[in-house]
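Q: First the structure, then my questions, so here it is.
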Amino acid sequence: MPLNRREFTKQSAAAGAGLALTGVVGALATAPEALASDDLDAYGAGHGHDHGQGNGHGHRLGYGELVADPEGMLALPAGFSYRVITHSGVTRLESGEFTPSNHDGTAAFAGPRGTTYLVNNHELKGTRDKWAHPVPLTEGLVYDPAAAGGCTVVEVHRDGTVAEWVGIAGTSTNCAGGSTAWGTWLTGEENSDRAGVNGMTKDHGYIFEVDPRDRRANRAPKPIKAFGRYDHEAVVIDPRRGHAYLTEDASNPNGLLFRWVPPKGFEHGRGKLRTLADDAGVLQAAKCVDSAGRFVDDLSRASRIGTVYGVDWVDVPDRDGRTVSVRKQFADGRITRARKLEGMWWADGGAYVVSSYAREESPGAAHDGQVWFYDPKRRTLTLKVLLGVNAAPDVDGAFDGPDNITVSPYGGLVIAEDGEGVQHLFGATDSGRTYPIARNDLNGSEFTGVTFSPDGDTLFANIQDPGIMVAITGPWRRQPRR
């Protein structure tokens, strides 16, 4: 049912009024005291961040300045430390092969006796001969024997010992994904090569499910074709309604935000997605309108934090893109696009959605990152984070290029940076101030796979290239809301 103008105007007013008051994240921006001036012009070149100053009420923000690492890997605030969990070409799997390279999206799950399971994507595109450390072709866990990507499962014990094994192999360009309420990982292929193209022997561009606790459940990998075939990034599932929300990282034209509506009577759970028919449910793309009912062609049109769009959902004609890519099946004016739709996280009854940046390939204002919140009850999309263009990315200071995100148990968001210069993990508070958590002192590679342990004591993250997973611990504390 389309969202009528009267209903949307009422709901967007309510969403705007509650922007700084509700939710884990609330209103987020990119500079100290950002709520005082929250349009895009306020976040142009050189916007800064706090370095642990007080907020005028005796509460410190963040954890202080980053201290250079004597080992040359990870700069952290004083009192924090890190430990390398896996390192491509250095650590080994249970089977003896080296840990695969190019770590990406990751999620943490509680295991028995205090252990933590992490499912780690490996963003390896193309054939196996192109990579020194592809995901090993473990018997029974291979989708396409020509493809280099996949996932590994990392088991971290209380005593610090680590075990790692293959969860799925023979997939391509496993970038982001998402965890489920029933304790599994959904990994997305950010590559949609057909069989016979670029050395592939099967079609790619799908979502696969990986169970960290049950190795048998991962045998004979089956793509979830009902979710569509395109360049997947992240996926989250509404645990109440059963809808899946999915992002697409693509250009020429820009990608889409998708929703999958399950068939009547379908109930989620372990192993249930494998039972879906290829055409089960309905795959739809988002179409946004502003409060005046005007169509919004691209999310880059929003240049002000607190912008609220109403969202309708338009059915995808051919979700498998047999002759035309999914994002090219819609005429102008039918759907809303965005550049580099990346990470997602389900919290506060909705989905946080990242658009990493927008430049000349987008019709609106240039920016260095947005985070939106989709409220399925109100059917609204609200701009929570807006990063202005960083004119000096090689200078340590401003943050840009958000990618993987997580909601922190200590308040606000933790964001993995995939920018053009200095790379950080950084936090953003409810009131919009940002603060550094870590800096990559090893190389210029992006951070990925940011996720907290189930008990909240450890922040796991990856340096994508060459592929290093670290566990960060220290005096975490709740961040001030303002």
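If you're wondering about the labels, chains in the structure tokens are A, B, ... by order shown, residues count from 1 in each chain, ligands from 1 in order shown.
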Residues within 7 Å of Gly105 in chain A, please, as an NGL selection string. Count only C-alpha atoms; anything in the same chain fewer than 4 positions from it doesn't count.

A: :A and (120-121 or 175-177 or 448-449)

Q: Tell me which protein, DNA and RNA residues are within 9 Å of Glu417 in chain A, counting only C-alpha atoms, leaving out same-chain ones fewer than 5 positions away, and put them as an mmCIF file with all heavy atoms, in the first residue's frame.

A:
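Output file selection27.cif is given in full below:
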```cif
data_model
loop_
_atom_site.group_PDB
_atom_site.id
_atom_site.type_symbol
_atom_site.label_atom_id
_atom_site.label_comp_id
_atom_site.auth_asym_id
_atom_site.auth_seq_id
_atom_site.Cartn_x
_atom_site.Cartn_y
_atom_site.Cartn_z
ATOM 1 N N PHE A 399 37.106 12.339 9.828
ATOM 2 C CA PHE A 399 36.755 10.979 9.419
ATOM 3 C C PHE A 399 35.953 11.029 8.123
ATOM 4 O O PHE A 399 35.219 11.978 7.867
ATOM 5 C CB PHE A 399 35.915 10.299 10.506
ATOM 6 C CG PHE A 399 36.548 10.308 11.867
ATOM 7 C CD1 PHE A 399 35.889 10.830 12.952
ATOM 8 C CD2 PHE A 399 37.819 9.787 12.049
ATOM 9 C CE1 PHE A 399 36.459 10.847 14.207
ATOM 10 C CE2 PHE A 399 38.420 9.791 13.297
ATOM 11 C CZ PHE A 399 37.739 10.326 14.388
ATOM 12 N N ASP A 400 36.059 9.984 7.319
ATOM 13 C CA ASP A 400 35.325 9.924 6.062
ATOM 14 C C ASP A 400 35.170 8.479 5.625
ATOM 15 O O ASP A 400 35.864 7.584 6.108
ATOM 16 C CB ASP A 400 36.049 10.728 4.973
ATOM 17 C CG ASP A 400 37.457 10.220 4.709
ATOM 18 O OD1 ASP A 400 37.614 9.313 3.869
ATOM 19 O OD2 ASP A 400 38.406 10.714 5.348
ATOM 20 N N GLY A 401 34.249 8.248 4.699
ATOM 21 C CA GLY A 401 34.083 6.927 4.105
ATOM 22 C C GLY A 401 33.617 5.848 5.062
ATOM 23 O O GLY A 401 34.270 4.810 5.175
ATOM 24 N N PRO A 402 32.496 6.021 5.774
ATOM 25 C CA PRO A 402 32.010 4.947 6.642
ATOM 26 C C PRO A 402 31.675 3.708 5.827
ATOM 27 O O PRO A 402 31.228 3.802 4.685
ATOM 28 C CB PRO A 402 30.753 5.547 7.278
ATOM 29 C CG PRO A 402 30.287 6.579 6.296
ATOM 30 C CD PRO A 402 31.542 7.150 5.705
ATOM 31 N N ASP A 403 31.906 2.553 6.433
ATOM 32 C CA ASP A 403 31.632 1.300 5.727
ATOM 33 C C ASP A 403 30.897 0.352 6.680
ATOM 34 O O ASP A 403 29.712 0.516 6.911
ATOM 35 C CB ASP A 403 32.940 0.699 5.215
ATOM 36 C CG ASP A 403 32.724 -0.379 4.155
ATOM 37 O OD1 ASP A 403 31.735 -1.122 4.260
ATOM 38 O OD2 ASP A 403 33.549 -0.489 3.231
ATOM 39 N N ASN A 404 31.588 -0.618 7.260
ATOM 40 C CA ASN A 404 30.946 -1.478 8.254
ATOM 41 C C ASN A 404 30.642 -0.673 9.508
ATOM 42 O O ASN A 404 31.442 0.172 9.927
ATOM 43 C CB ASN A 404 31.867 -2.636 8.627
ATOM 44 C CG ASN A 404 32.092 -3.626 7.489
ATOM 45 O OD1 ASN A 404 32.956 -4.479 7.600
ATOM 46 N ND2 ASN A 404 31.344 -3.519 6.398
ATOM 47 N N VAL A 422 44.156 8.452 5.878
ATOM 48 C CA VAL A 422 44.337 7.811 7.175
ATOM 49 C C VAL A 422 43.056 7.052 7.535
ATOM 50 O O VAL A 422 41.957 7.568 7.363
ATOM 51 C CB VAL A 422 44.666 8.862 8.258
ATOM 52 C CG1 VAL A 422 44.900 8.186 9.606
ATOM 53 C CG2 VAL A 422 45.884 9.679 7.855
ATOM 54 N N GLN A 423 43.229 5.836 8.020
ATOM 55 C CA GLN A 423 42.082 4.966 8.289
ATOM 56 C C GLN A 423 41.883 4.791 9.796
ATOM 57 O O GLN A 423 42.841 4.532 10.527
ATOM 58 C CB GLN A 423 42.290 3.600 7.641
ATOM 59 C CG GLN A 423 42.565 3.651 6.148
ATOM 60 C CD GLN A 423 41.377 4.185 5.360
ATOM 61 O OE1 GLN A 423 40.236 3.829 5.611
ATOM 62 N NE2 GLN A 423 41.656 5.063 4.409
ATOM 63 N N HIS A 424 40.626 4.898 10.231
ATOM 64 C CA HIS A 424 40.295 4.832 11.646
ATOM 65 C C HIS A 424 39.132 3.879 11.922
ATOM 66 O O HIS A 424 38.324 3.600 11.037
ATOM 67 C CB HIS A 424 39.857 6.209 12.178
ATOM 68 C CG HIS A 424 40.843 7.308 12.020
ATOM 69 N ND1 HIS A 424 40.908 8.094 10.899
ATOM 70 C CD2 HIS A 424 41.798 7.776 12.867
ATOM 71 C CE1 HIS A 424 41.868 9.002 11.048
ATOM 72 N NE2 HIS A 424 42.425 8.829 12.231
ATOM 73 N N LEU A 425 39.033 3.480 13.171
ATOM 74 C CA LEU A 425 37.769 3.115 13.792
ATOM 75 C C LEU A 425 37.375 4.325 14.617
ATOM 76 O O LEU A 425 38.202 4.890 15.339
ATOM 77 C CB LEU A 425 37.923 1.903 14.711
ATOM 78 C CG LEU A 425 38.373 0.581 14.081
ATOM 79 C CD1 LEU A 425 38.589 -0.455 15.177
ATOM 80 C CD2 LEU A 425 37.349 0.089 13.064
ATOM 81 N N PHE A 426 36.121 4.746 14.512
ATOM 82 C CA PHE A 426 35.712 5.905 15.299
ATOM 83 C C PHE A 426 34.301 5.719 15.826
ATOM 84 O O PHE A 426 33.506 4.939 15.296
ATOM 85 C CB PHE A 426 35.852 7.206 14.505
ATOM 86 C CG PHE A 426 34.948 7.365 13.309
ATOM 87 C CD1 PHE A 426 33.749 8.059 13.412
ATOM 88 C CD2 PHE A 426 35.314 6.851 12.071
ATOM 89 C CE1 PHE A 426 32.924 8.228 12.299
ATOM 90 C CE2 PHE A 426 34.504 7.017 10.955
ATOM 91 C CZ PHE A 426 33.302 7.705 11.075
ATOM 92 N N GLU A 446 41.783 -0.207 4.521
ATOM 93 C CA GLU A 446 40.564 0.101 5.271
ATOM 94 C C GLU A 446 40.392 -0.815 6.475
ATOM 95 O O GLU A 446 40.941 -1.918 6.526
ATOM 96 C CB GLU A 446 39.341 -0.048 4.360
ATOM 97 C CG GLU A 446 39.075 -1.495 3.930
ATOM 98 C CD GLU A 446 37.887 -1.634 3.006
ATOM 99 O OE1 GLU A 446 36.755 -1.700 3.509
ATOM 100 O OE2 GLU A 446 38.111 -1.699 1.769
ATOM 101 N N PHE A 447 39.622 -0.335 7.444
ATOM 102 C CA PHE A 447 39.135 -1.180 8.520
ATOM 103 C C PHE A 447 37.831 -1.842 8.072
ATOM 104 O O PHE A 447 37.047 -1.256 7.319
ATOM 105 C CB PHE A 447 38.851 -0.357 9.780
ATOM 106 C CG PHE A 447 40.059 -0.080 10.622
ATOM 107 C CD1 PHE A 447 40.634 1.181 10.642
ATOM 108 C CD2 PHE A 447 40.601 -1.072 11.420
ATOM 109 C CE1 PHE A 447 41.740 1.451 11.441
ATOM 110 C CE2 PHE A 447 41.713 -0.820 12.223
ATOM 111 C CZ PHE A 447 42.281 0.446 12.229
ATOM 112 N N THR A 448 37.587 -3.054 8.559
ATOM 113 C CA THR A 448 36.357 -3.774 8.248
ATOM 114 C C THR A 448 35.935 -4.575 9.476
ATOM 115 O O THR A 448 36.651 -4.647 10.476
ATOM 116 C CB THR A 448 36.548 -4.753 7.070
ATOM 117 O OG1 THR A 448 37.534 -5.741 7.441
ATOM 118 C CG2 THR A 448 36.995 -4.046 5.802
#
```

Q: Contacts of range 452-454 of chain A at 12 Å or less, counting only C-alpha atoms, minus same-chain residues fewer than 3 places along, as number ranges by chain?

A: A: 106-111, 114-118, 155-158, 183, 405-410, 413-415, 449, 457-461, 470-473, 476

Q: Write a file of the selected residues as an mmCIF file, in the first residue's frame, keeping C-alpha atoms.

A:
```cif
data_model
loop_
_atom_site.group_PDB
_atom_site.id
_atom_site.type_symbol
_atom_site.label_atom_id
_atom_site.label_comp_id
_atom_site.auth_asym_id
_atom_site.auth_seq_id
_atom_site.Cartn_x
_atom_site.Cartn_y
_atom_site.Cartn_z
ATOM 1 C CA THR A 106 32.438 -10.096 10.584
ATOM 2 C CA ALA A 107 29.956 -10.941 13.331
ATOM 3 C CA ALA A 108 30.462 -12.389 16.817
ATOM 4 C CA PHE A 109 28.379 -15.131 18.436
ATOM 5 C CA ALA A 110 28.411 -16.595 21.936
ATOM 6 C CA GLY A 111 29.833 -20.117 22.067
ATOM 7 C CA GLY A 114 32.672 -18.599 27.359
ATOM 8 C CA THR A 115 34.061 -18.986 23.849
ATOM 9 C CA THR A 116 33.313 -16.526 21.071
ATOM 10 C CA TYR A 117 32.668 -17.531 17.472
ATOM 11 C CA LEU A 118 33.418 -15.023 14.718
ATOM 12 C CA GLU A 155 36.791 -19.661 17.699
ATOM 13 C CA VAL A 156 38.366 -17.596 20.494
ATOM 14 C CA HIS A 157 38.635 -19.324 23.873
ATOM 15 C CA ARG A 158 38.748 -17.679 27.279
ATOM 16 C CA GLY A 183 22.611 -17.123 15.481
ATOM 17 C CA ILE A 405 29.111 -0.248 11.345
ATOM 18 C CA THR A 406 27.893 -1.616 14.646
ATOM 19 C CA VAL A 407 25.776 -0.246 17.465
ATOM 20 C CA SER A 408 27.927 -0.020 20.592
ATOM 21 C CA PRO A 409 26.831 -1.407 23.969
ATOM 22 C CA TYR A 410 28.353 1.810 25.363
ATOM 23 C CA LEU A 413 27.808 3.812 16.777
ATOM 24 C CA VAL A 414 31.250 2.398 16.097
ATOM 25 C CA ILE A 415 32.217 2.869 12.468
ATOM 26 C CA GLY A 449 34.353 -6.221 10.322
ATOM 27 C CA ASP A 457 34.328 -6.526 26.663
ATOM 28 C CA THR A 458 36.137 -6.855 23.320
ATOM 29 C CA LEU A 459 35.881 -4.939 20.067
ATOM 30 C CA PHE A 460 36.902 -7.071 17.103
ATOM 31 C CA ALA A 461 37.937 -5.450 13.828
ATOM 32 C CA VAL A 470 42.464 -7.866 16.045
ATOM 33 C CA ALA A 471 40.773 -7.914 19.445
ATOM 34 C CA ILE A 472 40.774 -4.549 21.227
ATOM 35 C CA THR A 473 40.280 -4.361 24.987
ATOM 36 C CA TRP A 476 35.318 0.844 27.832
#
```

Q: Could you pull the residues within 8 Å of Gln479 in chain A, counting only C-alpha atoms, minus those fewer than 6 positions along the same chain, as a list in words?

A: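 Near Gln479 in chain A, the qualifying residues are Arg60, Leu61, Gly62, Tyr410, Gly411, Gly412 and Thr429 of chain A.
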
Q: Restrict the selected residues to N, CA and C atoms and save them as a CSV table (one decimal), in the first residue's frame.

A:
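part.csv written:
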```csv
chain,number,residue,atom,x,y,z
A,60,ARG,N,33.6,13.0,30.1
A,60,ARG,CA,34.5,12.9,29.0
A,60,ARG,C,34.0,12.2,27.8
A,61,LEU,N,34.3,12.7,26.7
A,61,LEU,CA,33.9,12.0,25.4
A,61,LEU,C,35.0,11.2,24.9
A,62,GLY,N,34.8,10.0,24.5
A,62,GLY,CA,35.8,9.1,24.0
A,62,GLY,C,36.8,8.7,25.0
A,410,TYR,N,28.0,0.7,24.5
A,410,TYR,CA,28.4,1.8,25.4
A,410,TYR,C,27.7,3.1,24.8
A,411,GLY,N,26.8,3.0,23.9
A,411,GLY,CA,26.1,4.1,23.3
A,411,GLY,C,26.6,4.5,22.0
A,412,GLY,N,25.7,4.9,21.1
A,412,GLY,CA,26.1,5.4,19.8
A,412,GLY,C,26.6,4.3,18.8
A,429,THR,N,28.5,9.8,18.9
A,429,THR,CA,27.6,9.8,20.1
A,429,THR,C,26.2,10.2,19.6
```

Q: Skipping near chain neighbours, those fewer than 4 positions away, what residues fall within 9 Å of Thr173 in chain A using only C-alpha atoms, listed as a PyMOL selection string?

A: chain A and resi 121-126+147-150+188-191

Q: Write a file of the just-selected residues containing C-alpha atoms, as a short mmCIF file (atom, residue, chain, number, x, y, z; two decimals), in the first residue's frame.

A:
```cif
data_model
loop_
_atom_site.label_atom_id
_atom_site.label_comp_id
_atom_site.auth_asym_id
_atom_site.auth_seq_id
_atom_site.Cartn_x
_atom_site.Cartn_y
_atom_site.Cartn_z
CA ASN A 121 34.25 -12.78 5.23
CA HIS A 122 37.15 -12.83 2.76
CA GLU A 123 36.66 -10.35 -0.07
CA LEU A 124 38.48 -12.24 -2.80
CA LYS A 125 37.31 -11.59 -6.35
CA GLY A 126 37.95 -13.76 -9.37
CA ALA A 147 36.08 -18.83 -6.97
CA ALA A 148 38.57 -17.61 -4.36
CA GLY A 149 36.30 -16.15 -1.67
CA GLY A 150 34.27 -17.43 1.23
CA GLY A 188 26.91 -11.48 0.50
CA GLU A 189 28.78 -11.72 -2.80
CA GLU A 190 29.71 -8.26 -4.08
CA ASN A 191 30.14 -9.72 -7.54
#
```

Q: Which residue gives the smallest distance to His87 in chain A among A:Ser251, A:Thr187, A:Thr380, A:Asn462, with only C-alpha atoms counted?

A: A:Asn462

Q: With distances taken over only C-alpha atoms, which of A:Glu248, A:Glu342, A:Asp298, A:Asp290 is nearest to Arg327 in chain A?

A: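 Nearest candidate to Arg327 in chain A out of A:Glu248, A:Glu342, A:Asp298, A:Asp290: A:Glu248.
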
Q: List the neighbours of Asp368 in chain A out to 12 Å using only C-alpha atoms; skip same-chain residues closer than 2 positions along the sequence, and give me the result as number ranges by chain.

A: A: 29-30, 40, 43-47, 300, 303, 339-340, 354-359, 365-366, 370-371, 385-393, 398-403, 417-420

Q: In Å, how far is it from CA of Ser291 in chain A to CA of Leu256 in chain A?

A: 21.0 Å

Q: Record the distance separating CA of Thr99 in chain A and CA of Leu186 in chain A, expressed in Å with one decimal.

A: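 It comes out at 20.3 Å.
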